[in-house]
Structure formats: structure tokens, C-alpha cells
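Data file: final11.cif. Format and content: mmCIF, C-alpha atoms.
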```
data_protein
loop_
_atom_site.label_atom_id
_atom_site.label_comp_id
_atom_site.auth_asym_id
_atom_site.auth_seq_id
_atom_site.Cartn_x
_atom_site.Cartn_y
_atom_site.Cartn_z
CA MET A 1 -97.45 -87.84 -57.44
CA ALA A 2 -97.91 -86.86 -53.80
CA ILE A 3 -101.44 -88.28 -53.76
CA VAL A 4 -100.26 -91.51 -55.36
CA GLY A 5 -97.50 -91.75 -52.77
CA VAL A 6 -99.99 -91.32 -49.91
CA LEU A 7 -102.31 -93.94 -51.39
CA LEU A 8 -99.47 -96.41 -51.81
CA TYR A 9 -98.19 -95.77 -48.28
CA PHE A 10 -101.48 -96.29 -46.47
CA GLY A 11 -102.59 -98.94 -48.93
CA THR A 12 -99.59 -101.09 -48.00
CA PRO A 13 -100.39 -102.20 -44.44
CA PHE A 14 -98.44 -104.08 -41.81
CA HIS A 15 -99.59 -107.72 -41.75
CA GLY A 16 -99.52 -110.18 -38.91
CA SER A 17 -96.73 -112.73 -38.91
CA PRO A 18 -97.50 -115.94 -40.82
CA GLU A 19 -96.92 -117.93 -37.63
CA SER A 20 -99.47 -115.92 -35.65
CA ILE A 21 -102.10 -116.25 -38.37
CA GLN A 22 -101.50 -119.99 -38.70
CA ALA A 23 -101.78 -120.48 -34.94
CA VAL A 24 -105.28 -118.99 -34.96
CA GLN A 25 -106.30 -120.94 -38.04
CA GLU A 26 -105.26 -124.15 -36.27
CA ASN A 27 -106.92 -123.26 -32.95
CA ASP A 28 -109.84 -125.70 -32.61
CA GLN A 29 -111.58 -123.35 -30.17
CA VAL A 30 -111.79 -120.52 -32.69
CA ALA A 31 -113.69 -120.41 -35.98
CA LEU A 32 -112.18 -117.88 -38.38
CA GLN A 33 -113.84 -116.46 -41.48
CA VAL A 34 -113.06 -113.54 -43.77
CA VAL A 35 -116.27 -111.74 -44.76
CA GLY A 36 -115.97 -108.80 -47.12
CA GLY A 37 -112.45 -108.16 -45.88
CA ASP A 38 -113.45 -108.28 -42.21
CA TYR A 39 -111.95 -111.02 -40.05
CA VAL A 40 -114.68 -112.71 -38.00
CA LEU A 41 -113.65 -114.89 -35.06
CA THR A 42 -116.33 -116.87 -33.26
CA PRO A 43 -116.23 -119.54 -30.54
CA ALA A 44 -116.10 -122.94 -32.24
CA ASN A 45 -117.79 -124.85 -29.42
CA ALA A 46 -120.02 -122.32 -27.67
CA THR A 47 -122.75 -119.77 -28.29
CA SER A 48 -121.67 -116.17 -28.18
CA ALA A 49 -123.98 -113.42 -26.91
CA THR A 50 -121.24 -110.79 -26.68
CA GLY A 51 -119.35 -109.18 -29.55
CA LEU A 52 -116.44 -106.81 -30.06
CA VAL A 53 -115.94 -104.78 -33.23
CA PHE A 54 -112.22 -103.98 -33.35
CA TYR A 55 -110.69 -101.13 -35.37
CA PRO A 56 -107.03 -101.67 -36.41
CA GLY A 57 -104.40 -99.02 -35.91
CA ALA A 58 -103.39 -96.79 -38.82
CA ARG A 59 -101.81 -98.74 -41.69
CA VAL A 60 -102.28 -102.09 -39.92
CA HIS A 61 -104.08 -105.01 -41.56
CA PRO A 62 -106.82 -106.84 -39.64
CA ASP A 63 -104.84 -110.10 -39.71
CA ALA A 64 -102.25 -108.49 -37.43
CA TYR A 65 -104.65 -108.75 -34.48
CA LEU A 66 -105.84 -112.34 -34.80
CA SER A 67 -103.51 -113.81 -32.19
CA SER A 68 -104.06 -111.01 -29.68
CA VAL A 69 -107.89 -111.19 -29.76
CA ALA A 70 -108.21 -114.98 -30.13
CA PRO A 71 -108.10 -115.56 -26.33
CA LEU A 72 -111.28 -113.49 -25.99
CA VAL A 73 -113.01 -115.88 -28.37
CA ALA A 74 -111.61 -119.10 -26.89
CA GLU A 75 -111.80 -118.21 -23.21
CA ALA A 76 -114.58 -115.62 -22.86
CA ASN A 77 -116.93 -116.69 -25.69
CA VAL A 78 -116.73 -113.28 -27.34
CA THR A 79 -117.30 -112.89 -31.07
CA VAL A 80 -114.63 -110.55 -32.43
CA VAL A 81 -114.84 -108.80 -35.80
CA VAL A 82 -111.63 -107.04 -36.85
CA VAL A 83 -112.79 -104.70 -39.59
CA LYS A 84 -111.00 -103.89 -42.85
CA LEU A 85 -110.97 -100.12 -43.34
CA PRO A 86 -110.47 -97.90 -46.39
CA LEU A 87 -106.74 -97.26 -46.85
CA ASN A 88 -106.31 -98.99 -43.48
CA LEU A 89 -107.41 -95.84 -41.66
CA ALA A 90 -110.23 -95.92 -39.10
CA VAL A 91 -110.75 -92.19 -39.50
CA LEU A 92 -112.11 -92.84 -43.00
CA GLU A 93 -114.89 -95.17 -41.81
CA ARG A 94 -115.62 -94.60 -38.15
CA GLY A 95 -119.10 -96.04 -38.64
CA ALA A 96 -117.88 -99.46 -39.81
CA ALA A 97 -119.22 -101.05 -36.63
CA THR A 98 -122.84 -100.32 -37.54
CA GLY A 99 -122.91 -102.67 -40.53
CA VAL A 100 -121.28 -105.45 -38.53
CA MET A 101 -123.83 -105.15 -35.74
CA GLN A 102 -126.80 -105.04 -38.09
CA GLU A 103 -125.76 -108.28 -39.77
CA SER A 104 -125.16 -110.27 -36.58
CA ALA A 105 -127.34 -112.04 -34.03
CA VAL A 106 -125.04 -111.05 -31.14
CA ASP A 107 -127.00 -109.39 -28.32
CA GLN A 108 -124.44 -107.11 -26.70
CA TRP A 109 -121.75 -105.21 -28.55
CA TYR A 110 -118.54 -103.48 -27.57
CA VAL A 111 -116.31 -101.40 -29.84
CA GLY A 112 -112.58 -101.11 -29.50
CA GLY A 113 -109.35 -100.62 -31.30
CA HIS A 114 -105.65 -100.10 -31.31
CA SER A 115 -103.97 -96.68 -31.50
CA LEU A 116 -105.92 -94.48 -33.97
CA GLY A 117 -108.47 -97.28 -34.23
CA GLY A 118 -109.18 -97.00 -30.52
CA ALA A 119 -109.79 -93.27 -30.74
CA MET A 120 -112.26 -93.79 -33.59
CA ALA A 121 -113.99 -96.59 -31.69
CA CYS A 122 -114.38 -94.21 -28.77
CA ARG A 123 -115.93 -91.58 -31.03
CA TYR A 124 -118.29 -94.21 -32.40
CA ALA A 125 -119.39 -95.16 -28.89
CA LYS A 126 -119.88 -91.52 -27.93
CA HIS A 127 -122.26 -90.94 -30.85
CA ASN A 128 -123.97 -94.36 -30.75
CA PRO A 129 -124.47 -95.11 -27.04
CA ASP A 130 -127.65 -97.06 -27.82
CA ARG A 131 -125.70 -99.56 -29.92
CA VAL A 132 -122.79 -100.39 -27.63
CA SER A 133 -122.19 -101.43 -24.03
CA GLY A 134 -118.55 -100.45 -23.79
CA VAL A 135 -115.19 -99.52 -25.26
CA VAL A 136 -111.88 -101.43 -25.32
CA LEU A 137 -108.68 -99.47 -25.98
CA PHE A 138 -105.27 -100.93 -26.83
CA GLY A 139 -102.40 -98.43 -26.76
CA SER A 140 -104.90 -95.65 -27.34
CA TYR A 141 -107.07 -93.00 -25.70
CA CYS A 142 -110.41 -91.23 -26.09
CA ASP A 143 -109.84 -87.81 -27.64
CA GLN A 144 -113.51 -86.99 -26.99
CA SER A 145 -115.18 -87.29 -23.61
CA ILE A 146 -117.39 -90.24 -22.71
CA GLU A 147 -117.05 -89.42 -19.01
CA GLU A 148 -120.77 -88.87 -18.46
CA THR A 149 -121.88 -92.08 -20.18
CA ASP A 150 -122.61 -95.44 -18.58
CA LEU A 151 -120.28 -97.24 -20.99
CA ALA A 152 -117.97 -99.90 -19.57
CA VAL A 153 -114.38 -99.08 -20.53
CA LEU A 154 -111.16 -101.07 -20.56
CA SER A 155 -108.01 -99.13 -21.44
CA VAL A 156 -104.76 -101.09 -21.75
CA ALA A 157 -101.37 -99.51 -22.42
CA GLY A 158 -97.99 -101.13 -22.88
CA GLU A 159 -95.28 -99.96 -20.49
CA ALA A 160 -92.67 -100.20 -23.27
CA ASP A 161 -94.78 -98.36 -25.88
CA THR A 162 -92.65 -95.64 -27.50
CA VAL A 163 -95.28 -94.74 -30.11
CA LEU A 164 -98.12 -93.77 -27.78
CA ASP A 165 -98.13 -90.08 -26.84
CA TRP A 166 -97.97 -90.56 -23.09
CA GLY A 167 -98.60 -86.88 -22.36
CA THR A 168 -101.86 -86.88 -24.28
CA TYR A 169 -102.71 -90.29 -22.85
CA ALA A 170 -102.44 -88.91 -19.31
CA GLN A 171 -104.38 -85.75 -20.15
CA THR A 172 -107.26 -87.67 -21.71
CA THR A 173 -107.75 -90.15 -18.88
CA GLY A 174 -110.39 -87.75 -17.59
CA ASN A 175 -112.42 -88.39 -20.74
CA LEU A 176 -113.22 -91.88 -19.44
CA PRO A 177 -115.99 -92.76 -16.97
CA ALA A 178 -114.88 -92.82 -13.34
CA ASN A 179 -115.29 -96.61 -13.15
CA ALA A 180 -113.14 -97.32 -16.23
CA THR A 181 -110.56 -100.09 -15.86
CA VAL A 182 -107.12 -98.70 -16.78
CA ARG A 183 -104.12 -101.04 -16.91
CA THR A 184 -100.47 -100.75 -17.96
CA ILE A 185 -98.83 -104.02 -18.96
CA PRO A 186 -95.08 -104.36 -18.33
CA GLY A 187 -92.77 -105.29 -21.19
CA VAL A 188 -95.22 -104.60 -24.02
CA ASN A 189 -94.62 -102.16 -26.87
CA HIS A 190 -96.98 -100.71 -29.46
CA THR A 191 -96.82 -103.44 -32.10
CA GLN A 192 -97.29 -106.19 -29.51
CA PHE A 193 -100.95 -105.32 -29.24
CA GLY A 194 -100.87 -107.05 -32.60
CA SER A 195 -98.39 -109.43 -34.20
CA TYR A 196 -96.74 -107.18 -36.74
CA THR A 197 -93.36 -105.45 -36.97
CA GLY A 198 -91.96 -102.35 -38.62
CA GLN A 199 -93.95 -99.65 -36.82
CA PRO A 200 -91.97 -96.39 -37.11
CA GLY A 201 -90.82 -95.20 -33.70
CA ASP A 202 -91.51 -98.46 -31.88
CA GLN A 203 -88.60 -99.90 -29.92
CA PRO A 204 -87.98 -103.56 -28.94
CA SER A 205 -89.55 -104.40 -25.58
CA GLY A 206 -87.41 -107.39 -24.64
CA THR A 207 -90.61 -109.47 -24.45
CA THR A 208 -91.70 -112.07 -27.00
CA TYR A 209 -94.98 -111.57 -28.82
CA ALA A 210 -96.35 -114.77 -27.28
CA VAL A 211 -95.65 -113.53 -23.75
CA ALA A 212 -97.01 -110.07 -24.56
CA HIS A 213 -100.26 -111.55 -25.88
CA GLN A 214 -100.61 -113.74 -22.80
CA ARG A 215 -100.19 -110.72 -20.55
CA LEU A 216 -102.78 -108.87 -22.59
CA ALA A 217 -105.18 -111.82 -22.42
CA ASN A 218 -104.78 -111.97 -18.64
CA VAL A 219 -106.40 -108.53 -18.54
CA THR A 220 -108.91 -108.65 -21.38
CA VAL A 221 -110.37 -112.10 -20.80
CA SER A 222 -111.08 -111.54 -17.11
CA TRP A 223 -112.56 -108.11 -17.85
CA PHE A 224 -115.02 -109.53 -20.38
CA GLN A 225 -115.87 -112.44 -18.12
CA GLN A 226 -116.64 -110.02 -15.31
CA ALA A 227 -118.75 -107.83 -17.60
CA GLN A 228 -120.76 -110.84 -18.77
CA SER A 229 -121.21 -112.05 -15.18
CA GLU A 230 -122.53 -108.68 -14.08
CA ARG A 231 -124.95 -108.59 -16.99
CA THR A 232 -126.41 -112.03 -16.31
CA GLY A 233 -126.22 -111.74 -12.52
#
```

Is it possible to express this structure as C-alpha cells?
Amino acid sequence: MAIVGVLLYFGTPFHGSPESIQAVQENDQVALQVVGGDYVLTPANATSATGLVFYPGARVHPDAYLSSVAPLVAEANVTVVVVKLPLNLAVLERGAATGVMQESAVDQWYVGGHSLGGAMACRYAKHNPDRVSGVVLFGSYCDQSIEETDLAVLSVAGEADTVLDWGTYAQTTGNLPANATVRTIPGVNHTQFGSYTGQPGDQPSGTTYAVAHQRLANVTVSWFQQAQSERTG
């Protein structure tokens, strides 16, 4: 009974709001496909040479991140693949990024994720430095050191996040390369890195999801644009 209960709990994920999903579906700058459970977002009117494989947080469905990653696709020409994981737990398939990369023509890949998904993305990058150029963390941290690597790292936390373990977050900052970009966004809680609700322990931020996603995009889009400029320059 206990095992069944665990399976039901993690097998019932938090989904994105219908409005957020519809907004991405109707965005004429973003092409959205579902491939084998993974959500693949590509620029509708441009060629993409850069990709991000994104690992959801624990018990969060991939569709919860569509509206928060769509600006990367529309404004920075980044292909984003939000992967569907067994029991919605990144720890059960840390290597999910490999299959995505092998089946794509994208030249340069980043891995990232939210909460537990970010930690697993970081572990993937640590053990596959030849496959990825960098790591993107949302409300997360690297529990293993990538300090000595040449990976580009963007770590974004929400100032109103009451789920993130801020003590561990501070202690693990040293696991990142010295040139990592670390930002804290005001008025953003844990679930606002996605578009879902119901996260245990998360408190209202006083900020709308639309505003939170715009603040997030202000950081992520410019970071990817700068990374692409440095690569081609």
C-alpha cells in the first residue's frame, strides 16, 4: 500500500495552468510539439543553433514550464526541450538529456532545470562536459562541484521562494565556476519559475505569474544572447 501511495503521489504531477499553455500554443513565434512525452519548443521563424534541455522540478509536469521558457525561444532563438521524466522525478533519469541531444541537429547544448531538476542537470553537466556548454538553474543549486569546469552557468533564485533551502543554496554557491552569473529576482516564489500552483510550502509572492515570467525572461534571454554573441564573436 505504501508503494502504491508513493507511485500515485509522484505520478500525479502539477500541471501548468490552461491559460499559460494556450498562450504558448497561440504564440506565432514559437512552434510547440510533444515528442514521446517531451515538450519541444523551437523558433517558428528562425534557425536555432543553441538548445536547452530542461529538467522539471519534482512532481511537476513539463507543461508547467512552457510559458516561462517560451521567451528564450521567441527572443533568443533557443530550442528548448522540457523532458518528461519517470514518476516526474529527475533523479530517476538524470541522463535524459543524452537522447534529446543525439536526435537533434542543434550545435550547442545547455542543460538546466528547476529545483531538483536543476540539481540533476548540474550532475549531468559534471559527468558529460563534452556534451554541454553550460548549466541553467531555476530555484536550485549544484550539490556537486563544477567549479573547475569551463561551463557557463546561470543561477536564478526567487526572492520570495519559501521552498528553496536558502542555507544550502548559500553553501553550494562555491560549487559554481567563479564566472557564474547568479541573480535573485524580487517578488518571485518557487512555483513562479513555472505556471503551476499547489507546491507544498510555497507562499504567495504578491506578484502575478505574468510579471514573474517577464522578470525571469529579462535575465535569461539576455544571458543566452550574450553567450551566443561570445561564441560567434

Query raised in the report: Which residues fall under the PyMOL selection byres ((chain A and resi 153-165) around 6) in this file, as a list in words?
Result: Gly134, Val135, Val136, Leu137, Phe138, Gly139, Ala152, Trp166, Gly167, Thr168, Ala180, Thr181, Val182, Arg183, Thr184, Ile185, Pro186, Gly187, Val188, Asn189, His190, Gly201, Asp202 and Ser205 of chain A

Mind telling me what the PyMOL selection byres ((chain A and resi 109) around 6) catches here, as a short mmCIF file (atom, residue, chain, number, x, y, z; two decimals) with C-alpha atoms, keeping the file's coordinate frame?
```
data_model
loop_
_atom_site.label_atom_id
_atom_site.label_comp_id
_atom_site.auth_asym_id
_atom_site.auth_seq_id
_atom_site.Cartn_x
_atom_site.Cartn_y
_atom_site.Cartn_z
CA THR A 50 -121.24 -110.79 -26.68
CA GLY A 51 -119.35 -109.18 -29.55
CA LEU A 52 -116.44 -106.81 -30.06
CA GLN A 108 -124.44 -107.11 -26.70
CA TYR A 110 -118.54 -103.48 -27.57
CA VAL A 132 -122.79 -100.39 -27.63
CA SER A 133 -122.19 -101.43 -24.03
#
```

Requested in this report: Could you state which residues are captured by the PyMOL selection byres ((chain A and resi 215-232) around 6) in this file, as an NGL selection string?
Outcome: :A and (72 or 76 or 212-214 or 233)

Query raised in the report: Please, what distance in Å, to one decimal, runs between CA of Val91 (chain A) and CA of Ser104 (chain A)?
Result: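 Separation between CA of Val91 (chain A) and CA of Ser104 (chain A): 23.3 Å.
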
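The gap separating CA of Pro18 (chain A) from CA of Ala97 (chain A) is 26.7 Å, in Å to one decimal.
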
**Report entry** CA of Phe54 (chain A) to CA of Gly112 (chain A), straight-line distance in Å
**Finding:** 4.8 Å

Requested in this report: Select, from A:Pro71, A:Asn88, A:His61, A:Val81, the residue with the minimum atom-to-atom distance to Val35 (chain A), counting only C-alpha atoms.
Outcome: A:Val81

Query - Distance criterion (only C-alpha atoms): nearest to Val40 (chain A) out of A:Thr79, A:Ser145, A:Asn27, A:Thr208 - result: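 For Val40 (chain A), the nearest of the candidates is A:Thr79.
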
If I wrap all listed atoms of region 58-67 of chain A in a box with edges along x, y and z and add 6 Å on each side, what are its centre and edge lengths in Å to one decimal, as JSON?
```
{"center_x": -104.3, "center_y": -105.3, "center_z": -36.9, "size_x": 17.0, "size_y": 29.0, "size_z": 21.5}
```

**Report entry** Of the listed residues A:Met101, A:Ala49, A:Val111, A:Val34, that which approaches Val78 (chain A) most closely, counting only C-alpha atoms
**Finding:**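 With only C-alpha atoms as the atom set, the closest residue is A:Ala49.
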
Counting only C-alpha atoms, which residues come within 8 Å of (-110.3, -124.0, -30.6), with the point read in the file's coordinates, and could you list them as an mmCIF file with C-alpha atoms, keeping the file's coordinate frame?
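Below is the file that was written, point_16.cif:
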```cif
data_model
loop_
_atom_site.group_PDB
_atom_site.id
_atom_site.type_symbol
_atom_site.label_atom_id
_atom_site.label_comp_id
_atom_site.auth_asym_id
_atom_site.auth_seq_id
_atom_site.Cartn_x
_atom_site.Cartn_y
_atom_site.Cartn_z
ATOM 1 C CA GLU A 26 -105.260 -124.150 -36.270
ATOM 2 C CA ASN A 27 -106.920 -123.260 -32.950
ATOM 3 C CA ASP A 28 -109.840 -125.700 -32.610
ATOM 4 C CA GLN A 29 -111.580 -123.350 -30.170
ATOM 5 C CA VAL A 30 -111.790 -120.520 -32.690
ATOM 6 C CA ALA A 31 -113.690 -120.410 -35.980
ATOM 7 C CA PRO A 43 -116.230 -119.540 -30.540
ATOM 8 C CA ALA A 44 -116.100 -122.940 -32.240
ATOM 9 C CA ASN A 45 -117.790 -124.850 -29.420
ATOM 10 C CA ALA A 74 -111.610 -119.100 -26.890
#
```

Spatial neighbours of Leu85 (chain A), 12 Å, only C-alpha atoms, chain gap at least 6 places, as a tab-separated table (two decimals) with C-alpha atoms, in the frame of the given file:
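The file below, around-v8.tsv, is the result:
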```tsv
chain	number	residue	atom	x	y	z
A	10	PHE	CA	-101.48	-96.29	-46.47
A	11	GLY	CA	-102.59	-98.94	-48.93
A	13	PRO	CA	-100.39	-102.20	-44.44
A	36	GLY	CA	-115.97	-108.80	-47.12
A	37	GLY	CA	-112.45	-108.16	-45.88
A	38	ASP	CA	-113.45	-108.28	-42.21
A	39	TYR	CA	-111.95	-111.02	-40.05
A	54	PHE	CA	-112.22	-103.98	-33.35
A	55	TYR	CA	-110.69	-101.13	-35.37
A	56	PRO	CA	-107.03	-101.67	-36.41
A	57	GLY	CA	-104.40	-99.02	-35.91
A	58	ALA	CA	-103.39	-96.79	-38.82
A	59	ARG	CA	-101.81	-98.74	-41.69
A	60	VAL	CA	-102.28	-102.09	-39.92
A	61	HIS	CA	-104.08	-105.01	-41.56
A	62	PRO	CA	-106.82	-106.84	-39.64
A	91	VAL	CA	-110.75	-92.19	-39.50
A	92	LEU	CA	-112.11	-92.84	-43.00
A	93	GLU	CA	-114.89	-95.17	-41.81
A	94	ARG	CA	-115.62	-94.60	-38.15
A	95	GLY	CA	-119.10	-96.04	-38.64
A	96	ALA	CA	-117.88	-99.46	-39.81
A	97	ALA	CA	-119.22	-101.05	-36.63
A	117	GLY	CA	-108.47	-97.28	-34.23
A	120	MET	CA	-112.26	-93.79	-33.59
```
